[in-house]
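Note: the block below is data.pdb and it holds PDB, C-alpha atoms.
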ATOM      1  CA  ILE E  24      -9.310  -7.586 -11.218
ATOM      2  CA  LEU E  25      -5.855  -6.097 -10.725
ATOM      3  CA  VAL E  26      -5.649  -2.691 -12.415
ATOM      4  CA  GLY E  27      -3.459   0.373 -12.151
ATOM      5  CA  TYR E  28      -0.959   2.648 -13.828
ATOM      6  CA  ASN E  29       2.395   4.375 -13.428
ATOM      7  CA  ASN E  30       2.261   7.934 -12.177
ATOM      8  CA  LEU E  31       4.180   9.465 -15.131
ATOM      9  CA  GLU E  32       2.873   7.193 -17.895
ATOM     10  CA  ARG E  33       3.610   9.330 -20.967
ATOM     11  CA  LEU E  34       6.577  11.382 -19.792
ATOM     12  CA  PHE E  35       8.798   9.461 -22.215
ATOM     13  CA  GLU E  36       6.913  11.143 -25.082
ATOM     14  CA  TYR E  37       8.183  14.563 -24.018
ATOM     15  CA  ALA E  38      11.310  14.035 -21.941
ATOM     16  CA  ASN E  39      13.717  14.389 -24.871
ATOM     17  CA  LYS E  40      11.454  15.893 -27.535
ATOM     18  CA  ARG E  41      13.013  18.725 -29.523
ATOM     19  CA  GLU E  42      11.269  22.080 -29.520
ATOM     20  CA  ASP E  43      10.513  21.903 -33.245
ATOM     21  CA  ASN E  44       8.752  18.545 -32.780
ATOM     22  CA  TYR E  45       6.104  19.850 -30.402
ATOM     23  CA  ASN E  46       2.565  19.624 -31.767
ATOM     24  CA  LYS E  47       0.946  23.004 -31.223
ATOM     25  CA  ASN E  48      -2.502  21.406 -31.627
ATOM     26  CA  VAL E  49      -1.885  18.641 -29.117
ATOM     27  CA  PHE E  50      -5.090  19.337 -27.166
ATOM     28  CA  ASP E  51      -7.356  19.548 -30.232
ATOM     29  CA  ASP E  52      -5.818  16.471 -31.845
ATOM     30  CA  ASN E  53      -6.070  14.282 -28.749
ATOM     31  CA  LEU E  54      -9.638  15.292 -27.943
ATOM     32  CA  ALA E  55     -10.591  14.565 -31.560
ATOM     33  CA  LEU E  56      -9.532  10.952 -31.023
ATOM     34  CA  ALA E  57     -12.407  10.467 -28.577
ATOM     35  CA  PHE E  58     -15.009  13.032 -29.654
ATOM     36  CA  ASN E  59     -16.687  13.606 -33.012
ATOM     37  CA  THR E  60     -17.173  17.309 -32.341
ATOM     38  CA  ILE E  61     -14.758  19.539 -30.447
ATOM     39  CA  ASP E  62     -15.963  22.746 -28.826
ATOM     40  CA  LYS E  63     -13.176  25.348 -29.048
ATOM     41  CA  ASP E  64     -14.120  26.856 -25.699
ATOM     42  CA  HIS E  65     -13.864  23.425 -24.103
ATOM     43  CA  VAL E  66     -10.468  22.855 -25.716
ATOM     44  CA  LYS E  67      -9.306  26.132 -24.198
ATOM     45  CA  LEU E  68     -10.620  24.992 -20.822
ATOM     46  CA  VAL E  69      -8.613  21.760 -21.058
ATOM     47  CA  ARG E  70      -5.534  23.637 -22.200
ATOM     48  CA  ASN E  71      -5.759  26.158 -19.355
ATOM     49  CA  SER E  72      -6.235  23.355 -16.844
ATOM     50  CA  TYR E  73      -2.867  21.859 -17.768
ATOM     51  CA  ILE E  74      -0.603  24.630 -19.100
ATOM     52  CA  GLU E  75      -2.575  27.748 -18.101
ATOM     53  CA  ASP E  76      -1.726  30.543 -20.579
ATOM     54  CA  GLU E  77       1.633  29.130 -21.662
ATOM     55  CA  ASP E  78       2.489  28.182 -25.232
ATOM     56  CA  VAL E  79       2.964  24.532 -26.149
ATOM     57  CA  SER E  80       6.725  24.200 -25.814
ATOM     58  CA  VAL E  81       9.517  22.395 -24.016
ATOM     59  CA  THR E  82       9.049  24.643 -20.976
ATOM     60  CA  VAL E  83       5.758  22.895 -20.156
ATOM     61  CA  LYS E  84       6.779  19.369 -21.152
ATOM     62  CA  TYR E  85       5.870  17.901 -17.755
ATOM     63  CA  ASP E  86       2.413  19.482 -17.899
ATOM     64  CA  LEU E  87       1.886  18.196 -21.438
ATOM     65  CA  ALA E  88       3.015  14.742 -20.353
ATOM     66  CA  GLU E  89       0.494  14.869 -17.511
ATOM     67  CA  PHE E  90      -2.299  15.792 -19.939
ATOM     68  CA  TYR E  91      -1.325  13.000 -22.314
ATOM     69  CA  SER E  92      -1.100  10.520 -19.418
ATOM     70  CA  ASP E  93      -4.447  11.538 -17.943
ATOM     71  CA  PHE E  94      -6.345  11.558 -21.212
ATOM     72  CA  SER E  95      -4.928   8.454 -22.894
ATOM     73  CA  PHE E  96      -4.155   6.179 -19.928
ATOM     74  CA  ILE E  97      -5.342   7.198 -16.502
ATOM     75  CA  TYR E  98      -8.842   8.538 -17.119
ATOM     76  CA  PRO E  99      -9.877   5.558 -19.290
ATOM     77  CA  ILE E 100      -8.921   3.307 -16.359
ATOM     78  CA  HIS E 101     -10.780   5.541 -13.905
ATOM     79  CA  ARG E 102     -13.855   5.569 -16.144
ATOM     80  CA  SER E 103     -13.898   1.772 -16.395
ATOM     81  CA  LEU E 104     -13.931   1.108 -12.650
ATOM     82  CA  PRO E 105     -17.684   1.708 -12.067
ATOM     83  CA  LYS E 106     -18.479  -0.678 -14.929
ATOM     84  CA  TYR E 107     -16.381  -3.399 -13.320
ATOM     85  CA  LEU E 108     -18.127  -2.832  -9.987
ATOM     86  CA  GLU E 109     -21.569  -2.971 -11.601
ATOM     87  CA  ASN E 110     -20.687  -6.415 -12.922
ATOM     88  CA  GLY E 111     -19.630  -7.709  -9.524
ATOM     89  CA  ALA E 112     -15.862  -7.491  -9.914
ATOM     90  CA  LYS E 113     -13.514  -7.270  -6.954
ATOM     91  CA  ILE E 114     -10.972  -4.638  -7.980
ATOM     92  CA  PHE E 115      -7.516  -4.090  -6.536
ATOM     93  CA  TYR E 116      -6.268  -0.698  -7.730
ATOM     94  CA  TYR E 117      -2.660   0.533  -7.651
ATOM     95  CA  VAL E 118      -0.386   3.408  -8.679
ATOM     96  CA  PHE E 119       3.270   2.522  -9.247
ATOM     97  CA  LYS E 120       5.654   5.445  -8.709
ATOM     98  CA  TYR E 121       8.915   3.888  -7.542
ATOM     99  CA  ALA E 122      12.074   5.262  -9.173
ATOM    100  CA  GLY E 123      15.034   2.908  -8.915
ATOM    101  CA  GLY E 124      17.811   1.287 -10.871
ATOM    102  CA  ARG E 125      15.492  -1.000 -12.859
ATOM    103  CA  ASN E 126      13.088   1.573 -14.328
ATOM    104  CA  PHE E 127      13.904   0.355 -17.816
ATOM    105  CA  VAL E 128      12.104   2.964 -19.922
ATOM    106  CA  LYS E 129      13.506   5.837 -17.872
ATOM    107  CA  LEU E 130      16.982   4.360 -18.277
ATOM    108  CA  ARG E 131      16.483   3.860 -22.016
ATOM    109  CA  GLU E 132      15.197   7.405 -22.534
ATOM    110  CA  ASN E 133      17.704   8.933 -20.098
ATOM    111  CA  ILE E 134      14.928  10.326 -17.900
ATOM    112  CA  THR E 135      15.971  11.364 -14.411
ATOM    113  CA  GLY E 136      13.957  12.386 -11.384
ATOM    114  CA  PRO E 137      11.221  10.752  -9.312
ATOM    115  CA  GLY E 138       8.331   8.640 -10.531
ATOM    116  CA  ALA E 139       7.761   5.855 -13.050
ATOM    117  CA  VAL E 140       6.853   6.024 -16.740
ATOM    118  CA  HIS E 141       4.991   3.531 -18.921
ATOM    119  CA  SER E 142       6.190  -0.093 -18.469
ATOM    120  CA  ASP E 143       8.773   0.787 -15.802
ATOM    121  CA  GLU E 144       7.130  -1.585 -13.328
ATOM    122  CA  LYS E 145       7.466  -4.654 -15.560
ATOM    123  CA  VAL E 146      11.189  -5.028 -14.959
ATOM    124  CA  TYR E 147      10.535  -5.433 -11.238
ATOM    125  CA  LEU E 148       8.517  -8.522 -12.184
ATOM    126  CA  PHE E 149      10.550  -9.877 -15.111
ATOM    127  CA  ASP E 150      14.306  -9.926 -15.579
ATOM    128  CA  MET E 151      16.154  -8.332 -18.509
ATOM    129  CA  THR E 152      19.725  -9.044 -19.542
ATOM    130  CA  VAL E 153      20.461  -5.360 -20.180
ATOM    131  CA  LEU E 154      20.043  -4.552 -16.486
ATOM    132  CA  PRO E 155      22.662  -5.014 -13.754
ATOM    133  CA  GLU E 156      22.881  -8.536 -12.355
ATOM    134  CA  THR E 157      23.040  -7.249  -8.782
ATOM    135  CA  ASN E 158      20.116  -5.230  -7.460
ATOM    136  CA  THR E 159      20.314  -2.536  -4.827
ATOM    137  CA  PRO E 160      18.604  -3.413  -1.527
ATOM    138  CA  GLU E 161      15.859  -0.894  -2.346
ATOM    139  CA  ASP E 162      15.223  -2.384  -5.795
ATOM    140  CA  GLN E 163      15.235  -5.912  -4.401
ATOM    141  CA  ALA E 164      12.644  -4.922  -1.803
ATOM    142  CA  ILE E 165      10.318  -3.661  -4.562
ATOM    143  CA  ILE E 166      10.927  -6.831  -6.595
ATOM    144  CA  ASP E 167      10.029  -8.987  -3.598
ATOM    145  CA  LYS E 168       6.924  -6.989  -2.709
ATOM    146  CA  ILE E 169       5.251  -6.789  -6.100
ATOM    147  CA  THR E 170       6.258 -10.347  -7.018
ATOM    148  CA  ILE E 171       4.513 -11.630  -3.899
ATOM    149  CA  MET E 172       1.427  -9.470  -4.468
ATOM    150  CA  TRP E 173       1.072 -10.393  -8.136
ATOM    151  CA  THR E 174       1.696 -14.075  -7.347
ATOM    152  CA  TYR E 175      -0.978 -14.116  -4.641
ATOM    153  CA  PHE E 176      -3.391 -12.535  -7.096
ATOM    154  CA  VAL E 177      -2.718 -15.102  -9.832
ATOM    155  CA  LYS E 178      -2.972 -17.969  -7.341
ATOM    156  CA  LYS E 179      -6.346 -16.795  -6.104
ATOM    157  CA  ILE E 180      -7.684 -16.330  -9.634
ATOM    158  CA  TRP E 181      -6.632 -19.788 -10.778
ATOM    159  CA  VAL E 182      -7.902 -21.524  -7.664
ATOM    160  CA  ASN E 183     -11.266 -19.773  -8.043
ATOM    161  CA  ILE E 184     -11.415 -20.896 -11.676
ATOM    162  CA  LEU E 185     -10.626 -24.475 -10.706
ATOM    163  CA  PHE E 186     -13.349 -24.537  -8.098
ATOM    164  CA  LEU E 187     -15.859 -23.000 -10.478
ATOM    165  CA  LEU E 188     -15.037 -25.715 -12.993
ATOM    166  CA  ARG E 189     -15.653 -28.317 -10.300
ATOM    167  CA  GLY E 190     -18.893 -26.649  -9.232
ATOM    168  CA  LEU E 191     -17.513 -25.927  -5.766
ATOM    169  CA  THR E 192     -17.690 -22.751  -3.712
ATOM    170  CA  ARG E 193     -14.783 -23.318  -1.340
ATOM    171  CA  PRO E 194     -11.982 -25.833  -0.785
ATOM    172  CA  ASN E 195     -12.571 -28.914   1.332
ATOM    173  CA  PRO E 196     -10.670 -29.050   4.633
ATOM    174  CA  ILE E 197      -7.024 -30.015   4.472
ATOM    175  CA  ASN E 198      -7.754 -33.208   6.403
ATOM    176  CA  SER E 199     -10.474 -34.337   3.999
ATOM    177  CA  THR E 200     -10.461 -38.069   3.310
ATOM    178  CA  ASP E 201     -12.268 -37.827  -0.027
ATOM    179  CA  HIS E 202      -9.468 -39.037  -2.290
ATOM    180  CA  HIS E 203     -11.753 -39.304  -5.313
ATOM    181  CA  ASN E 204     -12.028 -35.539  -5.656
ATOM    182  CA  PRO E 205      -8.800 -34.267  -7.279
ATOM    183  CA  MET E 206      -9.453 -30.827  -5.781
ATOM    184  CA  ASN E 207      -8.893 -32.145  -2.240
ATOM    185  CA  LEU E 208      -5.235 -31.219  -2.202
ATOM    186  CA  LYS E 209      -3.408 -29.524   0.616
ATOM    187  CA  PHE E 210      -1.868 -26.901  -1.628
ATOM    188  CA  VAL E 211      -5.313 -25.752  -2.778
ATOM    189  CA  SER E 212      -6.402 -25.043   0.777
ATOM    190  CA  LEU E 213      -3.077 -23.405   1.524
ATOM    191  CA  PHE E 214      -3.628 -21.042  -1.412
ATOM    192  CA  PHE E 215      -6.734 -19.789   0.338
ATOM    193  CA  GLN E 216      -4.965 -19.223   3.642
ATOM    194  CA  ARG E 217      -2.902 -16.323   2.314
ATOM    195  CA  SER E 218      -3.966 -13.696  -0.187
ATOM    196  CA  TYR E 219      -2.688 -10.478  -1.707
ATOM    197  CA  SER E 220      -4.906  -8.502   0.679
ATOM    198  CA  GLU E 221      -3.271  -9.846   3.844
ATOM    199  CA  THR E 222      -0.362  -8.322   5.732
ATOM    200  CA  THR E 223       2.969 -10.078   6.206
ATOM    201  CA  GLU E 224       6.392  -9.072   7.459
ATOM    202  CA  LEU E 225       7.251  -7.852   3.955
ATOM    203  CA  LEU E 226       3.801  -6.498   3.046
ATOM    204  CA  SER E 227       2.906  -4.266   5.963
ATOM    205  CA  VAL E 228      -0.240  -2.793   4.370
ATOM    206  CA  LYS E 229      -3.500  -4.607   3.756
ATOM    207  CA  TRP E 230      -4.578  -3.962   0.171
ATOM    208  CA  ILE E 231      -8.293  -3.140   0.309
ATOM    209  CA  PRO E 232     -10.310  -3.391  -2.924
ATOM    210  CA  ILE E 233     -12.318  -0.450  -4.186
ATOM    211  CA  SER E 234     -16.012  -0.170  -3.459
ATOM    212  CA  LYS E 235     -18.907   1.997  -4.572
ATOM    213  CA  ASP E 236     -18.165   4.405  -1.721
ATOM    214  CA  ALA E 237     -14.364   4.200  -1.449
ATOM    215  CA  LEU E 238     -11.875   4.398  -4.310
ATOM    216  CA  ASN E 239      -9.008   2.750  -2.452
ATOM    217  CA  TYR E 240      -5.654   2.281  -4.123
ATOM    218  CA  LEU E 241      -2.207   1.035  -3.186
ATOM    219  CA  GLU E 242       0.644   3.438  -3.866
ATOM    220  CA  ILE E 243       3.739   1.394  -4.674
ATOM    221  CA  ASP E 244       6.865   3.368  -3.857
ATOM    222  CA  LYS E 245       9.732   2.794  -1.432
ATOM    223  CA  GLU E 246       6.938   2.192   1.040
ATOM    224  CA  LEU E 247       3.526   0.693   0.340
ATOM    225  CA  THR E 248       0.757   3.121   1.265
ATOM    226  CA  LEU E 249      -2.992   2.641   1.072
ATOM    227  CA  LYS E 250      -4.665   5.837  -0.145
ATOM    228  CA  LYS E 251      -7.926   7.002  -1.717
ATOM    229  CA  ARG E 252      -8.838   8.648  -5.018
ATOM    230  CA  PRO E 253      -5.630   9.114  -7.031
ATOM    231  CA  LYS E 254      -5.488  12.357  -9.039
ATOM    232  CA  GLN E 255      -8.851  13.383  -7.633
ATOM    233  CA  THR E 256      -8.882  16.902  -9.138
ATOM    234  CA  GLN E 257      -7.945  15.765 -12.649
ATOM    235  CA  MET E 258     -10.360  12.826 -12.645
ATOM    236  CA  ALA E 259     -13.226  15.039 -11.434
ATOM    237  CA  PHE E 260     -12.423  17.464 -14.261
ATOM    238  CA  TRP E 261     -12.558  14.710 -16.879
ATOM    239  CA  ASP E 262     -15.746  13.257 -15.385
ATOM    240  CA  LEU E 263     -17.390  16.632 -15.899
ATOM    241  CA  TYR E 264     -15.898  17.112 -19.379
ATOM    242  CA  TYR E 265     -17.165  13.725 -20.568
ATOM    243  CA  LYS E 266     -20.593  14.303 -19.062
ATOM    244  CA  ILE E 267     -20.983  17.697 -20.749
ATOM    245  CA  ASN E 268     -19.783  16.349 -24.108
ATOM    246  CA  LYS E 269     -21.335  12.887 -23.894
ATOM    247  CA  GLN E 270     -23.422  13.280 -27.057
ATOM    248  CA  HIS E 271     -20.236  13.976 -29.062
ATOM    249  CA  LEU E 272     -18.346  10.955 -27.755
ATOM    250  CA  LYS E 273     -17.439   8.453 -30.454
ATOM    251  CA  GLY E 274     -19.589   5.356 -30.100
ATOM    252  CA  TYR E 275     -21.914   7.168 -27.694
ATOM    253  CA  ARG E 276     -24.983   5.317 -26.456
ATOM    254  CA  SER E 277     -27.524   6.916 -24.141
ATOM    255  CA  THR E 278     -27.111   4.015 -21.698
ATOM    256  CA  ASP E 279     -23.430   4.843 -21.146
ATOM    257  CA  PHE E 280     -24.216   7.798 -18.898
ATOM    258  CA  ASN E 281     -26.623   8.330 -16.040
TER     259      ASN E 281
END

Can you present the structure in this file as structure tokens?
Amino acid sequence: ILVGYNNLERLFEYANKREDNYNKNVFDDNLALAFNTIDKDHVKLVRNSYIEDEDVSVTVKYDLAEFYSDFSFIYPIHRSLPKYLENGAKIFYYVFKYAGGRNFVKLRENITGPGAVHSDEKVYLFDMTVLPETNTPEDQAIIDKITIMWTYFVKKIWVNILFLLRGLTRPNPINSTDHHNPMNLKFVSLFFQRSYSETTELLSVKWIPISKDALNYLEIDKELTLKKRPKQTQMAFWDLYYKINKQHLKGYRSTDFN
């Protein structure tokens, strides 16, 4: 599984929002989307964790955007990872934070500064006519890197599916003489010789999947960097919040929590 997010997912919600459009009950309203019952003291705890004692206003728009990103995008991903592992998935986790000339949503919303908002990464994989025809060297490097990584991933998935359909566990050698098996093709074996977790001249970092003991992730910026536990403080906070309020969670089942 390939899963990840952009580091400023919901900033576009607040970047150009007028003061009179700010929802003063943003914490209560968002928590009510996931929980049947909201404890006012817990709401205050969440609020203080993100904006301290400030009022909900344009002066804390980046903090509000971080709350919205964590609660609606990032924590749900984080919370799903153990479930994937329990079911035997191999998970490659990433955080995209590159800010360049093709960050489409930032360009559309006139957002400046570092980082990437929701869907900004897609235009480094797919072309759009509204963007400049000529890329900067930095943008082209990102295009090349993530295109190769995503392509390797798709190749590996499809080859695994093909072999499962054939009841095979691995490709036959390239020099196989069994011409009756349509899977004995050189390109199939070549697919297995290079994967998204290998290093190349362009991809200098080996992308290591997460495990039960190590929450590895690839930070995609001007440089590729392998790190561990993105947003550790915020995710630990939400782990605790969900555990304390588990019985109020919409759709709660006792088997969902240890």

Could you check which residues have any atom within 7 Å of (20.1, -2.2, -14.2), counting all atoms listed in the file with coordinates taken straight from the file, and then list them as a PDB file with C-alpha atoms, keeping the file's coordinate frame?
ATOM      1  CA  GLY E 124      17.811   1.287 -10.871  1.00  0.00           C
ATOM      2  CA  ARG E 125      15.492  -1.000 -12.859  1.00  0.00           C
ATOM      3  CA  VAL E 153      20.461  -5.360 -20.180  1.00  0.00           C
ATOM      4  CA  LEU E 154      20.043  -4.552 -16.486  1.00  0.00           C
ATOM      5  CA  PRO E 155      22.662  -5.014 -13.754  1.00  0.00           C
TER       6      PRO E 155
END

### Query
If you apply the PyMOL selection byres ((chain E and resi 28-31) around 10) to this file, what residues do you get, as a ChimeraX atom specification?
/E:26-27,32-35,85,88-89,91-93,96-97,100,116-121,137-144,242-243,253-254

### Query
Nearest to Thr82 in chain E among E:Glu42, E:Glu161, E:Glu156, E:Asp51, with distances taken over all atoms listed in the file: which residue is it?
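So, comparing all the options, the nearest one is E:Glu42.
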
#### Entry: Given the PyMOL selection byres ((chain E and resi 57) around 10), the residues it picks as an MDAnalysis selection string
chainID E and resid 52:56 58:61 94:95 265 271:274

### Query
Using all atoms listed in the file, which of E:Leu108, E:Gln270, E:Tyr264, E:Lys84 sits nearest Asp64 in chain E?
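Answer, going by the shortest atom-to-atom distance: E:Tyr264.
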
### Query
Expanded to explicit residues, what is the PyMOL selection byres ((chain E and resi 236) around 12) for this file, as number ranges by chain?
E: 105, 108, 232-235, 237-239, 251-252

### Query
In terms of the shortest atom-to-atom distance over only C-alpha atoms, which of E:Phe260, E:Glu246, E:Val228, E:Val81 is closest to Ala122 in chain E?
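That would be E:Glu246, the residue with the smallest distance to Ala122 in chain E.
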
### Query
Which one of E:Tyr73, E:Phe50, E:Tyr107, E:Phe115 sits closest to Lys229 in chain E if you count only C-alpha atoms?
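Nearest to Lys229 in chain E: E:Phe115.
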
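Atom to atom, CA of Val79 in chain E and CA of Asp62 in chain E stand 19.2 Å apart.
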
### Query
So how far away is CA of Ser72 in chain E from CA of Phe90 in chain E, in Å?
9.1 Å

#### Entry: Ref. answer, residues at most 9 Å from (-0.5, 23.7, -23.1) with all atoms listed in the file, as a PyMOL selection string
chain E and resi 47+49-50+69-80+83-84+86-87+90

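A straight line drawn from CA of Trp173 in chain E to CA of Leu225 in chain E is 13.8 Å long.
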
### Test item: residues at most 10 Å from Gly123 in chain E, all atoms listed in the file, excluding those fewer than 4 positions along its chain, as an MDAnalysis selection string
chainID E and resid 127 129:130 136:139 143 147 158:159 161:163 165 244:245

For C-alpha atoms, please extract range 84-137 of chain E from the block and return it as an mmCIF file, in the first residue's frame.
data_model
loop_
_atom_site.group_PDB
_atom_site.id
_atom_site.type_symbol
_atom_site.label_atom_id
_atom_site.label_comp_id
_atom_site.auth_asym_id
_atom_site.auth_seq_id
_atom_site.Cartn_x
_atom_site.Cartn_y
_atom_site.Cartn_z
ATOM 1 C CA LYS E 84 -5.299 30.710 10.628
ATOM 2 C CA TYR E 85 -2.219 28.488 10.309
ATOM 3 C CA ASP E 86 -2.963 26.826 13.650
ATOM 4 C CA LEU E 87 -6.594 26.283 12.659
ATOM 5 C CA ALA E 88 -5.473 24.834 9.338
ATOM 6 C CA GLU E 89 -3.178 22.453 11.212
ATOM 7 C CA PHE E 90 -6.060 21.318 13.438
ATOM 8 C CA TYR E 91 -8.327 20.791 10.443
ATOM 9 C CA SER E 92 -5.564 18.912 8.592
ATOM 10 C CA ASP E 93 -4.728 16.693 11.558
ATOM 11 C CA PHE E 94 -8.301 15.847 12.455
ATOM 12 C CA SER E 95 -9.817 15.342 9.003
ATOM 13 C CA PHE E 96 -6.869 13.997 6.987
ATOM 14 C CA ILE E 97 -3.698 13.081 8.801
ATOM 15 C CA TYR E 98 -4.924 11.326 11.937
ATOM 16 C CA PRO E 99 -7.395 9.102 10.035
ATOM 17 C CA ILE E 100 -4.443 7.919 7.923
ATOM 18 C CA HIS E 101 -2.299 7.410 11.023
ATOM 19 C CA ARG E 102 -5.094 5.474 12.730
ATOM 20 C CA SER E 103 -5.528 3.160 9.741
ATOM 21 C CA LEU E 104 -1.898 2.041 9.551
ATOM 22 C CA PRO E 105 -2.034 -0.583 12.358
ATOM 23 C CA LYS E 106 -5.106 -2.132 10.721
ATOM 24 C CA TYR E 107 -3.248 -2.482 7.432
ATOM 25 C CA LEU E 108 -0.300 -4.089 9.222
ATOM 26 C CA GLU E 109 -2.562 -6.522 11.073
ATOM 27 C CA ASN E 110 -3.845 -7.713 7.708
ATOM 28 C CA GLY E 111 -0.371 -8.318 6.329
ATOM 29 C CA ALA E 112 -0.003 -5.216 4.174
ATOM 30 C CA LYS E 113 3.366 -3.820 3.166
ATOM 31 C CA ILE E 114 2.984 -0.065 3.608
ATOM 32 C CA PHE E 115 5.103 2.662 2.057
ATOM 33 C CA TYR E 116 4.339 5.919 3.872
ATOM 34 C CA TYR E 117 5.182 9.433 2.653
ATOM 35 C CA VAL E 118 4.757 13.131 3.449
ATOM 36 C CA PHE E 119 4.876 15.502 0.476
ATOM 37 C CA LYS E 120 6.009 19.027 1.375
ATOM 38 C CA TYR E 121 7.718 20.365 -1.742
ATOM 39 C CA ALA E 122 6.805 23.933 -2.719
ATOM 40 C CA GLY E 123 7.527 24.719 -6.357
ATOM 41 C CA GLY E 124 6.079 26.218 -9.490
ATOM 42 C CA ARG E 125 3.568 23.399 -10.048
ATOM 43 C CA ASN E 126 1.780 23.398 -6.678
ATOM 44 C CA PHE E 127 -1.534 23.919 -8.428
ATOM 45 C CA VAL E 128 -3.826 24.521 -5.451
ATOM 46 C CA LYS E 129 -1.407 26.983 -3.867
ATOM 47 C CA LEU E 130 -1.191 28.824 -7.183
ATOM 48 C CA ARG E 131 -4.976 28.820 -7.586
ATOM 49 C CA GLU E 132 -5.568 30.100 -4.050
ATOM 50 C CA ASN E 133 -2.617 32.516 -4.167
ATOM 51 C CA ILE E 134 -0.942 30.833 -1.194
ATOM 52 C CA THR E 135 2.728 31.630 -0.718
ATOM 53 C CA GLY E 136 5.346 30.153 1.568
ATOM 54 C CA PRO E 137 6.762 26.669 2.120
#
